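What follows is the content of upload39.cif, which has mmCIF, C-alpha atoms and all ligand atoms:
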```
data_model
loop_
_atom_site.label_atom_id
_atom_site.label_comp_id
_atom_site.auth_asym_id
_atom_site.auth_seq_id
_atom_site.Cartn_x
_atom_site.Cartn_y
_atom_site.Cartn_z
CA MET A 8 164.71 -61.27 194.34
CA LYS A 9 161.46 -61.10 196.30
CA THR A 10 159.22 -64.12 196.60
CA GLY A 11 155.63 -63.14 195.85
CA VAL A 12 152.27 -64.64 196.77
CA GLY A 13 151.80 -67.89 194.88
CA MET A 14 155.44 -67.98 193.84
CA PRO A 15 157.30 -70.98 195.22
CA LYS A 16 160.31 -70.38 197.37
CA LEU A 17 163.63 -71.97 196.51
CA GLY A 18 165.41 -73.99 199.16
CA VAL A 19 168.96 -74.92 198.18
CA ASN A 20 170.38 -78.15 199.54
CA ILE A 21 174.13 -77.73 200.02
CA ASP A 22 174.99 -81.28 201.20
CA HIS A 23 177.21 -81.79 198.18
CA ILE A 24 179.40 -78.83 199.03
CA ALA A 25 180.19 -80.86 202.15
CA THR A 26 180.58 -84.02 200.02
CA ILE A 27 183.43 -82.30 198.16
CA ARG A 28 184.98 -81.07 201.41
CA GLN A 29 184.76 -84.52 203.01
CA ALA A 30 186.61 -86.05 200.05
CA ARG A 31 189.75 -84.53 201.61
CA ARG A 32 188.42 -83.87 205.14
CA GLU A 33 189.66 -80.30 204.82
CA LYS A 34 187.96 -76.97 205.49
CA GLU A 35 187.23 -76.07 201.86
CA PRO A 36 184.79 -75.61 200.26
CA ASP A 37 183.40 -73.78 203.27
CA ILE A 38 179.76 -74.61 203.96
CA VAL A 39 178.95 -71.29 205.64
CA ARG A 40 180.31 -69.39 202.64
CA ALA A 41 178.31 -71.63 200.29
CA ALA A 42 175.10 -70.88 202.21
CA SER A 43 175.82 -67.17 202.06
CA VAL A 44 176.44 -67.28 198.27
CA CYS A 45 173.15 -69.17 197.78
CA GLU A 46 171.29 -66.61 199.86
CA SER A 47 172.80 -63.71 197.94
CA ALA A 48 171.72 -65.42 194.70
CA GLY A 49 168.08 -65.61 195.81
CA ALA A 50 167.74 -68.81 197.86
CA ASP A 51 164.89 -68.51 200.36
CA SER A 52 166.25 -71.22 202.61
CA ILE A 53 169.22 -73.51 203.03
CA THR A 54 168.79 -77.25 203.52
CA VAL A 55 171.29 -79.71 204.93
CA HIS A 56 170.84 -83.37 205.77
CA LEU A 57 172.63 -84.50 208.93
CA ARG A 58 172.86 -88.17 208.06
CA GLU A 59 173.45 -90.77 210.75
CA ASP A 60 176.66 -91.82 208.96
CA ARG A 61 177.83 -88.15 208.69
CA ARG A 62 178.94 -88.79 205.12
CA HIS A 63 178.73 -85.09 204.22
CA ILE A 64 177.23 -82.67 206.74
CA GLN A 65 178.79 -82.74 210.23
CA ASP A 66 177.21 -81.70 213.54
CA GLU A 67 179.37 -78.57 213.64
CA ASP A 68 178.11 -77.52 210.18
CA VAL A 69 174.53 -77.46 211.44
CA ARG A 70 175.51 -75.33 214.44
CA SER A 71 177.56 -72.90 212.30
CA LEU A 72 174.79 -72.56 209.73
CA LYS A 73 172.21 -71.90 212.42
CA LYS A 74 174.33 -68.92 213.51
CA SER A 75 175.19 -67.60 210.05
CA ILE A 76 172.09 -68.10 207.91
CA LYS A 77 169.99 -65.01 207.26
CA THR A 78 167.06 -66.80 205.59
CA LYS A 79 165.80 -70.11 207.03
CA LEU A 80 167.62 -73.29 207.96
CA ASN A 81 165.88 -76.53 207.01
CA LEU A 82 167.39 -79.64 208.58
CA GLU A 83 166.67 -82.94 206.85
CA MET A 84 166.89 -85.80 209.29
CA SER A 85 165.84 -89.30 210.22
CA ILE A 86 163.83 -89.97 213.37
CA ALA A 87 166.82 -91.58 215.14
CA LYS A 88 166.96 -90.35 218.76
CA GLU A 89 170.53 -89.04 218.48
CA ILE A 90 169.61 -86.83 215.53
CA VAL A 91 166.29 -85.71 217.04
CA ASP A 92 168.17 -84.59 220.16
CA ILE A 93 170.61 -82.54 218.05
CA ALA A 94 167.70 -80.89 216.20
CA ALA A 95 165.94 -80.12 219.48
CA ASP A 96 169.12 -78.49 220.75
CA VAL A 97 170.11 -76.53 217.61
CA LYS A 98 166.53 -75.50 216.75
CA PRO A 99 166.64 -75.01 212.98
CA ASP A 100 163.66 -73.10 211.52
CA TYR A 101 162.37 -76.28 209.88
CA VAL A 102 163.07 -79.96 209.95
CA CYS A 103 162.10 -82.42 207.26
CA LEU A 104 161.78 -86.01 208.47
CA VAL A 105 163.11 -88.51 205.94
CA PRO A 106 163.78 -92.25 205.87
CA GLU A 107 167.43 -93.19 205.92
CA LYS A 108 169.36 -96.29 204.87
CA ARG A 109 173.12 -96.56 205.26
CA GLU A 110 173.65 -98.18 201.86
CA GLU A 111 171.65 -95.67 199.80
CA LEU A 112 173.34 -93.03 197.63
CA THR A 113 170.58 -90.55 198.43
CA THR A 114 167.17 -90.65 200.12
CA GLU A 115 165.30 -93.28 198.16
CA GLY A 116 161.63 -93.11 199.03
CA GLY A 117 159.29 -91.10 201.18
CA LEU A 118 158.88 -91.80 204.88
CA ASP A 119 156.18 -94.44 205.43
CA ILE A 120 154.19 -92.72 208.14
CA LEU A 121 151.61 -95.50 208.40
CA SER A 122 154.06 -98.17 209.49
CA GLN A 123 155.51 -96.08 212.36
CA LYS A 124 152.84 -93.52 213.07
CA ASP A 125 153.32 -93.33 216.85
CA ALA A 126 157.10 -92.98 216.66
CA ILE A 127 156.88 -90.23 214.03
CA ALA A 128 154.04 -88.49 215.88
CA SER A 129 156.13 -88.25 219.03
CA VAL A 130 159.08 -86.74 217.09
CA VAL A 131 156.70 -84.22 215.48
CA GLU A 132 155.33 -83.29 218.88
CA LYS A 133 158.76 -83.00 220.49
CA LEU A 134 160.19 -80.75 217.77
CA LYS A 135 157.07 -78.59 217.45
CA LYS A 136 157.26 -77.94 221.20
CA LYS A 137 160.73 -76.46 220.55
CA GLY A 138 159.20 -74.01 218.06
CA ILE A 139 160.49 -75.89 215.01
CA LYS A 140 158.18 -76.30 212.01
CA VAL A 141 158.02 -79.97 211.03
CA SER A 142 157.75 -81.29 207.49
CA ILE A 143 157.59 -84.93 206.42
CA PHE A 144 159.04 -86.21 203.15
CA ILE A 145 156.43 -88.53 201.63
CA ASP A 146 155.50 -90.19 198.40
CA PRO A 147 152.55 -88.54 196.62
CA GLU A 148 150.00 -90.93 198.13
CA GLU A 149 146.66 -90.09 199.66
CA ASN A 150 147.07 -92.26 202.76
CA GLN A 151 150.48 -90.77 203.59
CA ILE A 152 149.18 -87.20 203.22
CA LYS A 153 146.20 -87.93 205.46
CA ALA A 154 148.52 -89.54 208.00
CA ALA A 155 150.79 -86.46 207.98
CA SER A 156 147.75 -84.34 208.70
CA ASP A 157 146.57 -86.73 211.46
CA ILE A 158 149.88 -86.46 213.31
CA LYS A 159 149.80 -82.67 212.99
CA ALA A 160 152.83 -82.11 210.79
CA ASP A 161 153.05 -78.49 209.63
CA CYS A 162 154.20 -79.31 206.10
CA ILE A 163 154.77 -82.16 203.73
CA GLU A 164 157.49 -82.41 201.14
CA LEU A 165 156.29 -84.41 198.16
CA HIS A 166 158.91 -86.79 196.80
CA THR A 167 159.37 -85.79 193.16
CA GLY A 168 161.85 -88.58 192.43
CA ALA A 169 159.51 -90.75 190.36
CA TYR A 170 158.50 -87.78 188.18
CA ALA A 171 162.12 -86.64 187.83
CA GLY A 172 163.29 -90.19 187.12
CA VAL A 173 160.97 -90.66 184.14
CA PHE A 174 161.95 -87.23 182.88
CA LYS A 175 165.62 -88.21 182.98
CA LEU A 176 165.43 -91.82 181.76
CA ASN A 177 162.53 -91.62 179.28
CA PRO A 178 162.20 -87.97 178.26
CA SER A 179 160.18 -88.95 175.19
CA ASP A 180 157.60 -90.88 177.24
CA LYS A 181 155.21 -87.94 177.59
CA ASN A 182 152.41 -90.17 178.95
CA ARG A 183 154.47 -91.46 181.87
CA ILE A 184 155.76 -87.96 182.62
CA LYS A 185 152.20 -86.66 182.62
CA GLN A 186 151.02 -89.57 184.79
CA GLU A 187 153.72 -88.91 187.41
CA PHE A 188 153.06 -85.19 187.26
CA LEU A 189 149.31 -85.68 187.80
CA ARG A 190 150.07 -87.82 190.89
CA LEU A 191 152.06 -84.90 192.31
CA GLU A 192 149.38 -82.38 191.43
CA LYS A 193 146.59 -84.46 192.98
CA ALA A 194 148.65 -85.05 196.12
CA GLY A 195 149.45 -81.34 196.31
CA ASN A 196 145.78 -80.40 196.07
CA LEU A 197 144.88 -82.84 198.84
CA ALA A 198 147.66 -81.54 201.10
CA CYS A 199 146.53 -77.94 200.64
CA SER A 200 142.90 -78.88 201.28
CA LEU A 201 143.99 -80.39 204.62
CA GLY A 202 145.81 -77.20 205.56
CA LEU A 203 149.31 -78.64 205.16
CA ILE A 204 152.08 -76.42 203.80
CA LEU A 205 153.13 -77.93 200.47
CA ASN A 206 156.79 -78.39 199.57
CA ALA A 207 158.41 -80.72 197.03
CA GLY A 208 161.82 -81.97 196.06
CA HIS A 209 164.23 -84.67 194.96
CA GLY A 210 165.70 -85.03 191.51
CA LEU A 211 164.43 -81.65 190.34
CA ASP A 212 166.64 -79.99 187.75
CA TYR A 213 166.70 -77.20 185.19
CA LYS A 214 164.68 -79.25 182.67
CA ASN A 215 161.92 -80.68 184.84
CA VAL A 216 161.30 -78.08 187.56
CA VAL A 217 158.86 -75.68 185.91
CA PRO A 218 155.67 -77.83 185.93
CA VAL A 219 156.25 -78.69 189.61
CA ALA A 220 156.80 -75.03 190.46
CA LYS A 221 153.42 -74.29 188.89
CA ILE A 222 151.44 -76.72 191.07
CA LYS A 223 148.81 -74.70 192.90
CA GLY A 224 149.76 -73.91 196.48
CA MET A 225 153.40 -74.92 196.08
CA ASN A 226 155.27 -73.23 198.92
CA GLU A 227 158.86 -74.34 198.43
CA LEU A 228 161.02 -76.51 196.22
CA ASN A 229 164.12 -78.06 197.75
CA ILE A 230 166.82 -78.66 195.19
CA GLY A 231 170.40 -79.79 195.66
CA PHE A 232 172.27 -82.05 193.32
CA SER A 233 171.43 -80.38 189.99
CA ILE A 234 172.38 -76.94 191.31
CA ILE A 235 175.72 -78.07 192.76
CA ALA A 236 176.52 -80.06 189.60
CA HIS A 237 175.77 -77.03 187.42
CA ALA A 238 177.79 -74.84 189.77
CA ALA A 239 180.92 -76.83 188.88
CA PHE A 240 180.74 -75.16 185.46
CA VAL A 241 179.07 -71.80 186.03
CA GLY A 242 179.73 -71.06 189.70
CA LEU A 243 177.36 -71.41 192.65
CA LYS A 244 175.86 -67.94 192.43
CA ALA A 245 174.99 -68.26 188.74
CA ALA A 246 173.60 -71.79 189.22
CA VAL A 247 171.28 -70.66 192.02
CA LYS A 248 170.21 -67.54 190.11
CA GLU A 249 169.32 -69.64 187.07
CA MET A 250 167.17 -71.98 189.17
CA ARG A 251 165.61 -69.04 191.03
CA LYS A 252 164.53 -67.60 187.67
CA LEU A 253 162.96 -70.91 186.58
CA VAL A 254 160.90 -71.37 189.75
CA THR A 255 159.70 -67.77 189.61
CA VAL A 256 156.51 -68.74 187.79
N1 LIG B 1 164.32 -83.18 199.58
C1 LIG B 1 164.69 -84.25 200.31
C2 LIG B 1 163.80 -84.68 201.41
C3 LIG B 1 165.91 -84.92 200.06
O1 LIG B 1 166.24 -85.99 200.80
C4 LIG B 1 166.75 -84.44 199.05
C5 LIG B 1 168.07 -85.10 198.81
O2 LIG B 1 168.92 -84.83 199.88
C6 LIG B 1 166.32 -83.32 198.32
C7 LIG B 1 165.10 -82.71 198.58
C8 LIG B 1 167.17 -82.74 197.24
O3 LIG B 1 167.26 -83.66 196.20
P1 LIG B 1 168.26 -83.41 195.02
O4 LIG B 1 169.63 -83.34 195.61
O5 LIG B 1 168.04 -84.58 194.12
O6 LIG B 1 167.86 -82.09 194.40
#
```

Structure rendered as structure tokens:
Amino acid sequence: MKTGVGMPKLGVNIDHIATIRQARREKEPDIVRAASVCESAGADSITVHLREDRRHIQDEDVRSLKKSIKTKLNLEMSIAKEIVDIAADVKPDYVCLVPEKREELTTEGGLDILSQKDAIASVVEKLKKKGIKVSIFIDPEENQIKAASDIKADCIELHTGAYAGVFKLNPSDKNRIKQEFLRLEKAGNLACSLGLILNAGHGLDYKNVVPVAKIKGMNELNIGFSIIAHAAFVGLKAAVKEMRKLVTV
């Protein structure tokens, strides 16, 4: 399916294909095959997170995907030197800088640019010099968006976790859902007005994705867990196709 003007792209995060593989440390399910199935089902890009603890994606996965992917490779990563060096060497199409804690189950909050502006700025500069587009995963806050613009990031990825969390835990609390949605919308408008490419992700699923997909200027949604969980029942191709249809607004 073609992505049209104003229609958000769908980036599929396949970390949890590797989570299943790492449960037995075997070769299956094969990450390259998973990426190819997602692409054939309409994914516009493939995301993987090379975590410092290598709990799912391994260095070799990133290198294999870089060779095999026909769309775009988006590498989620911390700003740790070891990981930055790998990114600079592999040269994915995009990187998305995220905070990372060993004990977390998944990325918990956005990257606080303000508290480490110089360190993040130098990573942005280093990776941009390699021809990689740099995104920063941030909470939908004005000061973080302005800071991302100041340090010349190409894109931001708005953390949709708070919105998705209310949707999951208190689906009947329409006011809170609306409040969290309006925060995302306002942040998205600011980002676009500053010339930043606008992406979003985290916790998005088949029930909560449509309003976020409709935010003006939304370039790409990065979605992982809900698609892989659904794929356990319907297959990966069908799960991606279903999400592709929903974000085609
Ligand atoms: N975007 C970022 C920056 C993330 O860290 C993650 C989780 O790896 C996602 C998107 C995807 O989130 P989920 O797996 O909840 O769809």

* Asked: How far is it from atom CA of A:Thr255 to atom CA of A:Glu115, in Å with one decimal?
  -> 27.5 Å

Go through stretch 97-118 of chain A and flag each residue having an atom no more than 9 Å from stretch 57-73 of chain A; for those, report the closest pair of atoms plus their distance in Å to one decimal, using only C-alpha atoms, ordered by chain and rising number, as CSV.
```
residue,atom,partner,partner_atom,distance
A:Val97,CA,A:Arg70,CA,6.4
A:Lys98,CA,A:Lys73,CA,8.0
A:Pro99,CA,A:Lys73,CA,6.4
A:Asp100,CA,A:Lys73,CA,8.7
A:Glu107,CA,A:Arg58,CA,7.7
A:Arg109,CA,A:Asp60,CA,7.0
```

* To do: Could you report the residues within 9 Å of ligand LIG 1 (chain B), using all atoms listed in the file, as a VMD selection string?
  => chain A and resid 18 to 23 54 to 56 83 to 84 103 to 107 113 to 117 143 to 145 164 to 168 171 206 to 212 228 to 235

* Asked: Taking only C-alpha atoms into account, which of A:Ile120, A:Lys244, A:Ala169, A:Gly195 comes nearest A:Glu227?
  ->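 Checking each of A:Ile120, A:Lys244, A:Ala169, A:Gly195 against A:Glu227, counting only C-alpha atoms, the winner is A:Gly195.
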
* One-decimal distance in Å that lies between atom CA of A:Tyr170 and atom CA of A:Leu197 ->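 Pair atom CA of A:Leu197 / atom CA of A:Tyr170 returns 18.0 Å.
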
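Using only C-alpha atoms, the nearest neighbour of A:Ile27 within the list A:Ile90, A:Ala236, A:Ala155, A:Val254 is A:Ala236.
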
Near A:Ala48, counting only C-alpha atoms, which residues have an atom at most 12 Å away, once you skip same-chain residues fewer than 6 positions from it, shown as a PDB file with C-alpha atoms, in the coordinates of the input?
```pdb
ATOM      1  CA  MET A   8     164.710 -61.270 194.340  1.00  0.00           C
ATOM      2  CA  LYS A   9     161.460 -61.100 196.300  1.00  0.00           C
ATOM      3  CA  LEU A  17     163.630 -71.970 196.510  1.00  0.00           C
ATOM      4  CA  GLY A  18     165.410 -73.990 199.160  1.00  0.00           C
ATOM      5  CA  VAL A  19     168.960 -74.920 198.180  1.00  0.00           C
ATOM      6  CA  ALA A  41     178.310 -71.630 200.290  1.00  0.00           C
ATOM      7  CA  ALA A  42     175.100 -70.880 202.210  1.00  0.00           C
ATOM      8  CA  THR A  78     167.060 -66.800 205.590  1.00  0.00           C
ATOM      9  CA  GLY A 242     179.730 -71.060 189.700  1.00  0.00           C
ATOM     10  CA  LEU A 243     177.360 -71.410 192.650  1.00  0.00           C
ATOM     11  CA  LYS A 244     175.860 -67.940 192.430  1.00  0.00           C
ATOM     12  CA  ALA A 245     174.990 -68.260 188.740  1.00  0.00           C
ATOM     13  CA  ALA A 246     173.600 -71.790 189.220  1.00  0.00           C
ATOM     14  CA  VAL A 247     171.280 -70.660 192.020  1.00  0.00           C
ATOM     15  CA  LYS A 248     170.210 -67.540 190.110  1.00  0.00           C
ATOM     16  CA  GLU A 249     169.320 -69.640 187.070  1.00  0.00           C
ATOM     17  CA  MET A 250     167.170 -71.980 189.170  1.00  0.00           C
ATOM     18  CA  ARG A 251     165.610 -69.040 191.030  1.00  0.00           C
ATOM     19  CA  LYS A 252     164.530 -67.600 187.670  1.00  0.00           C
TER      20      LYS A 252
END
```

* atom CA of A:Ile139 to atom CA of A:Ser43: how many Å, to one decimal? -> 21.9 Å

* Asked: Which residue out of A:Tyr213, A:Phe188, A:Tyr101, A:Phe174 has the minimum interatomic distance to A:His237 when only C-alpha atoms are used?
  ->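 Using only C-alpha atoms, the shortest distance to A:His237 belongs to A:Tyr213.
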
* Asked: Nearest to A:Gly224: which of A:Val241, A:Met14, A:Ile53, A:Leu121 is it, counting only C-alpha atoms?
  ->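 So, comparing all the options, the nearest one is A:Met14.
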
* Which residue gives the smallest distance to A:Leu118 among A:Asp146, A:Asp157, A:Asp51, A:Asp180, with all atoms listed in the file counted? ->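 The answer is A:Asp146, which sits nearest to A:Leu118.
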
* Asked: Skipping near chain neighbours, those fewer than 6 positions away, what residues fall within 12 Å of A:Ala160 using only C-alpha atoms, listed as a ChimeraX atom specification?
  -> /A:101-104,120,124,127-135,139-145,151-154,198,201-205

Please report, as lines of an AutoDock Vina configuration file, the centre and edge lengths in Å to one decimal of an axis-aligned box covering all listed atoms of stretch 151-154 of chain A with 3 Å per side.
```
center_x = 148.3
center_y = -89.0
center_z = 205.6
size_x = 10.3
size_y = 9.6
size_z = 10.8
```

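Counting only C-alpha atoms, the residue from A:Ala194, A:Val256, A:Leu80, A:Ala238 that sits nearest to A:Pro218 is A:Val256.
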